[in-house]
Amino acid sequence: MDINGTTDFKIRKADKNDLRALVDVRLAYLDEDWKGLPADQRFIIKTQLNAYFKKHLGSDDFTAMLAEQDGETVSSAFIIYSERPANLPFITGKTALILNVFTAPAHRGKGLATKLLGELIREARERGASFIELSATPAGRPLYEKLGFTLYQSSHCTEMRLQLA
Ligand SMILES: CC(C)(COP(=O)(O)OP(=O)(O)OC[C@H]1O[C@@H](n2cnc3c(N)ncnc32)[C@H](O)[C@@H]1OP(=O)(O)O)[C@@H](O)C(=O)NCCC(=O)NCCS
């Protein structure tokens, strides 16, 4: 065991062979977050996930970190990069979004999510992202705060959205 207790696990970046593992770990996260997905929506989401990971795995705009034990994925964290015309809060024009931070219940509290997020934060810094954003669940919030994330409120704008689908 190292100081974080994570040496029993293989920590690695997902590659093109991990499509199935990523679909499974995304569905596991969604099942917990939404306390089960209705069957029809699960089917639609699974179809999209297969297409999404096929397209983005191995590309510059998406990284997934995985922790494995005996070949089984036990923890995950994804990051998605975007590029937009620069503004003061994103002076480099590059921003990042973290999602699907998930550790299988039997392996929680062993430092796995902390380790995977640390790798993604390092990568985002190296790639010149101005910030990393995320939506925190109650379980995730203390973890993110420990890593330096803070609540973000724009000084002069209100975040809005128009839900289309
Ligand atoms: C939130 C979640 C991802 C945390 O995963 P995890 O792998 O257990 O996280 P870590 O072990 O890195 O850190 C969690 C806690 O364990 C502690 N910890 C770290 N290493 C530890 C070790 N070796 N032994 C005991 N505890 C340890 C951390 O300090 C942290 O403590 P805290 O509760 O005081 O903040 C996990 O609970 C989960 O999957 N929840 C459901 C999905 C979810 O809500 N995800 C967040 C989406 S925003």
# chains A, B, ... in the order shown; residues from 1 in each chain; ligands from 1
call {"tool": "residues_near_ligand", "arguments": {"ligand": "ligand 1", "cutoff": "10 Å", "atoms": "only C-alpha atoms and all ligand atoms", "output": "PyMOL selection string"}}
result
chain A and resi 1-6+28-33+67+74-77+98-118+134-147
call {"tool": "residues_around", "arguments": {"residues": "Leu57 of chain A", "least_positions_apart": "5", "cutoff": "7 Å", "atoms": "only C-alpha atoms", "output": "JSON, numbers by chain"}}
result
{"A": [15, 16, 62]}
call {"tool": "atom_distance", "arguments": {"atom1": "atom CA of Thr158 of chain A", "atom2": "atom CA of Glu123 of chain A"}}
result
29.0 Å
call {"tool": "closest_residue", "arguments": {"among": "A:Leu162, A:Cys157, A:Tyr81, A:Lys55", "to": "Arg125 of chain A", "atoms": "only C-alpha atoms"}}
result
A:Tyr81
call {"tool": "atom_distance", "arguments": {"atom1": "atom CA of Ala64 of chain A", "atom2": "atom CA of Gly148 of chain A"}}
result
20.4 Å
call {"tool": "select_by_dssp", "arguments": {"residues": "segment 27-72 of chain A", "states": "strand (DSSP E or B)", "output": "list in words"}}
result
Phe62, Thr63, Ala64, Met65, Leu66, Ala67, Glu68, Gln69 and Glu72 of chain A
call {"tool": "write_last_selection", "arguments": {"atoms": "N, CA, C and O atoms", "output": "PDB file, in the first residue's frame"}}
result
ATOM      1  N   PHE A  62     -11.191  13.915 -24.986  1.00  0.00           N
ATOM      2  CA  PHE A  62     -11.766  13.054 -23.942  1.00  0.00           C
ATOM      3  C   PHE A  62     -10.689  12.167 -23.331  1.00  0.00           C
ATOM      4  O   PHE A  62      -9.902  11.552 -24.048  1.00  0.00           O
ATOM      5  N   THR A  63     -10.661  12.130 -21.994  1.00  0.00           N
ATOM      6  CA  THR A  63      -9.788  11.171 -21.296  1.00  0.00           C
ATOM      7  C   THR A  63     -10.604  10.504 -20.198  1.00  0.00           C
ATOM      8  O   THR A  63     -11.364  11.173 -19.493  1.00  0.00           O
ATOM      9  N   ALA A  64     -10.450   9.201 -20.083  1.00  0.00           N
ATOM     10  CA  ALA A  64     -11.049   8.484 -18.951  1.00  0.00           C
ATOM     11  C   ALA A  64      -9.919   7.816 -18.183  1.00  0.00           C
ATOM     12  O   ALA A  64      -9.070   7.153 -18.786  1.00  0.00           O
ATOM     13  N   MET A  65      -9.889   8.016 -16.872  1.00  0.00           N
ATOM     14  CA  MET A  65      -8.940   7.300 -16.013  1.00  0.00           C
ATOM     15  C   MET A  65      -9.709   6.174 -15.331  1.00  0.00           C
ATOM     16  O   MET A  65     -10.846   6.362 -14.891  1.00  0.00           O
ATOM     17  N   LEU A  66      -9.056   5.021 -15.261  1.00  0.00           N
ATOM     18  CA  LEU A  66      -9.693   3.853 -14.642  1.00  0.00           C
ATOM     19  C   LEU A  66      -8.794   3.284 -13.554  1.00  0.00           C
ATOM     20  O   LEU A  66      -7.559   3.322 -13.678  1.00  0.00           O
ATOM     21  N   ALA A  67      -9.403   2.739 -12.510  1.00  0.00           N
ATOM     22  CA  ALA A  67      -8.670   1.920 -11.542  1.00  0.00           C
ATOM     23  C   ALA A  67      -9.217   0.505 -11.674  1.00  0.00           C
ATOM     24  O   ALA A  67     -10.444   0.317 -11.731  1.00  0.00           O
ATOM     25  N   GLU A  68      -8.307  -0.459 -11.756  1.00  0.00           N
ATOM     26  CA  GLU A  68      -8.728  -1.850 -11.937  1.00  0.00           C
ATOM     27  C   GLU A  68      -8.157  -2.731 -10.842  1.00  0.00           C
ATOM     28  O   GLU A  68      -7.049  -2.482 -10.351  1.00  0.00           O
ATOM     29  N   GLN A  69      -8.894  -3.757 -10.531  1.00  0.00           N
ATOM     30  CA  GLN A  69      -8.377  -4.805  -9.657  1.00  0.00           C
ATOM     31  C   GLN A  69      -8.731  -6.135 -10.317  1.00  0.00           C
ATOM     32  O   GLN A  69      -9.905  -6.373 -10.627  1.00  0.00           O
ATOM     33  N   GLU A  72     -10.847  -5.967 -13.343  1.00  0.00           N
ATOM     34  CA  GLU A  72     -12.205  -5.407 -13.239  1.00  0.00           C
ATOM     35  C   GLU A  72     -12.119  -3.916 -12.902  1.00  0.00           C
ATOM     36  O   GLU A  72     -11.342  -3.521 -12.027  1.00  0.00           O
TER      37      GLU A  72
END
call {"tool": "closest_residue", "arguments": {"among": "A:Ser82, A:Thr95, A:Asn17, A:Ser59", "to": "Glu133 of chain A", "atoms": "only C-alpha atoms"}}
result
A:Thr95
call {"tool": "select_by_dssp", "arguments": {"residues": "segment 42-155 of chain A", "states": "alpha helix (DSSP H)", "output": "mmCIF file with C-alpha atoms, in the first residue's frame"}}
result
data_model
loop_
_atom_site.group_PDB
_atom_site.id
_atom_site.type_symbol
_atom_site.label_atom_id
_atom_site.label_comp_id
_atom_site.auth_asym_id
_atom_site.auth_seq_id
_atom_site.Cartn_x
_atom_site.Cartn_y
_atom_site.Cartn_z
ATOM 1 C CA ARG A 42 -31.476 3.102 -20.358
ATOM 2 C CA PHE A 43 -31.609 1.666 -23.889
ATOM 3 C CA ILE A 44 -31.380 5.124 -25.489
ATOM 4 C CA ILE A 45 -28.504 6.122 -23.200
ATOM 5 C CA LYS A 46 -26.604 2.865 -23.781
ATOM 6 C CA THR A 47 -26.858 3.321 -27.552
ATOM 7 C CA GLN A 48 -25.535 6.880 -27.261
ATOM 8 C CA LEU A 49 -22.728 5.772 -24.926
ATOM 9 C CA ASN A 50 -21.497 3.157 -27.378
ATOM 10 C CA ALA A 51 -21.432 5.703 -30.192
ATOM 11 C CA TYR A 52 -19.863 8.411 -27.991
ATOM 12 C CA PHE A 53 -16.994 6.284 -26.703
ATOM 13 C CA LYS A 54 -16.348 4.800 -30.146
ATOM 14 C CA LYS A 55 -15.958 8.337 -31.490
ATOM 15 C CA HIS A 56 -14.053 9.964 -28.622
ATOM 16 C CA LEU A 112 -9.121 5.832 -5.679
ATOM 17 C CA ALA A 113 -11.256 8.783 -6.795
ATOM 18 C CA THR A 114 -8.665 11.172 -5.331
ATOM 19 C CA LYS A 115 -5.931 9.444 -7.303
ATOM 20 C CA LEU A 116 -7.839 9.423 -10.620
ATOM 21 C CA LEU A 117 -8.872 13.056 -10.231
ATOM 22 C CA GLY A 118 -5.285 14.025 -9.430
ATOM 23 C CA GLU A 119 -4.195 12.518 -12.762
ATOM 24 C CA LEU A 120 -6.937 14.370 -14.662
ATOM 25 C CA ILE A 121 -6.141 17.701 -12.985
ATOM 26 C CA ARG A 122 -2.465 17.259 -13.897
ATOM 27 C CA GLU A 123 -3.382 16.496 -17.515
ATOM 28 C CA ALA A 124 -5.759 19.489 -17.744
ATOM 29 C CA ARG A 125 -3.012 21.805 -16.442
ATOM 30 C CA GLU A 126 -0.543 20.401 -18.981
ATOM 31 C CA ARG A 141 -18.447 17.571 -2.872
ATOM 32 C CA PRO A 142 -16.016 16.998 0.066
ATOM 33 C CA LEU A 143 -13.687 15.112 -2.264
ATOM 34 C CA TYR A 144 -13.629 17.980 -4.769
ATOM 35 C CA GLU A 145 -13.198 20.580 -2.046
ATOM 36 C CA LYS A 146 -10.140 18.700 -0.778
#
call {"tool": "closest_residue", "arguments": {"among": "A:Gly58, A:Glu83, A:Gly71, A:Met160", "to": "Ala21 of chain A", "atoms": "only C-alpha atoms"}}
result
A:Gly71
call {"tool": "closest_residue", "arguments": {"among": "A:Gln163, A:Leu27, A:Ile79, A:Ala39", "to": "Ala14 of chain A", "atoms": "only C-alpha atoms"}}
result
A:Ile79
call {"tool": "atom_distance", "arguments": {"atom1": "atom CA of Leu97 of chain A", "atom2": "atom CA of Thr150 of chain A"}}
result
14.2 Å
call {"tool": "residues_around", "arguments": {"residues": "Phe131 of chain A", "least_positions_apart": "5", "cutoff": "8 Å", "atoms": "only C-alpha atoms", "output": "ChimeraX atom specification"}}
result
/A:90,94-96
call {"tool": "closest_residue", "arguments": {"among": "A:Leu88, A:Ala129, A:Lys35, A:Asp24", "to": "Ser154 of chain A", "atoms": "only C-alpha atoms"}}
result
A:Leu88
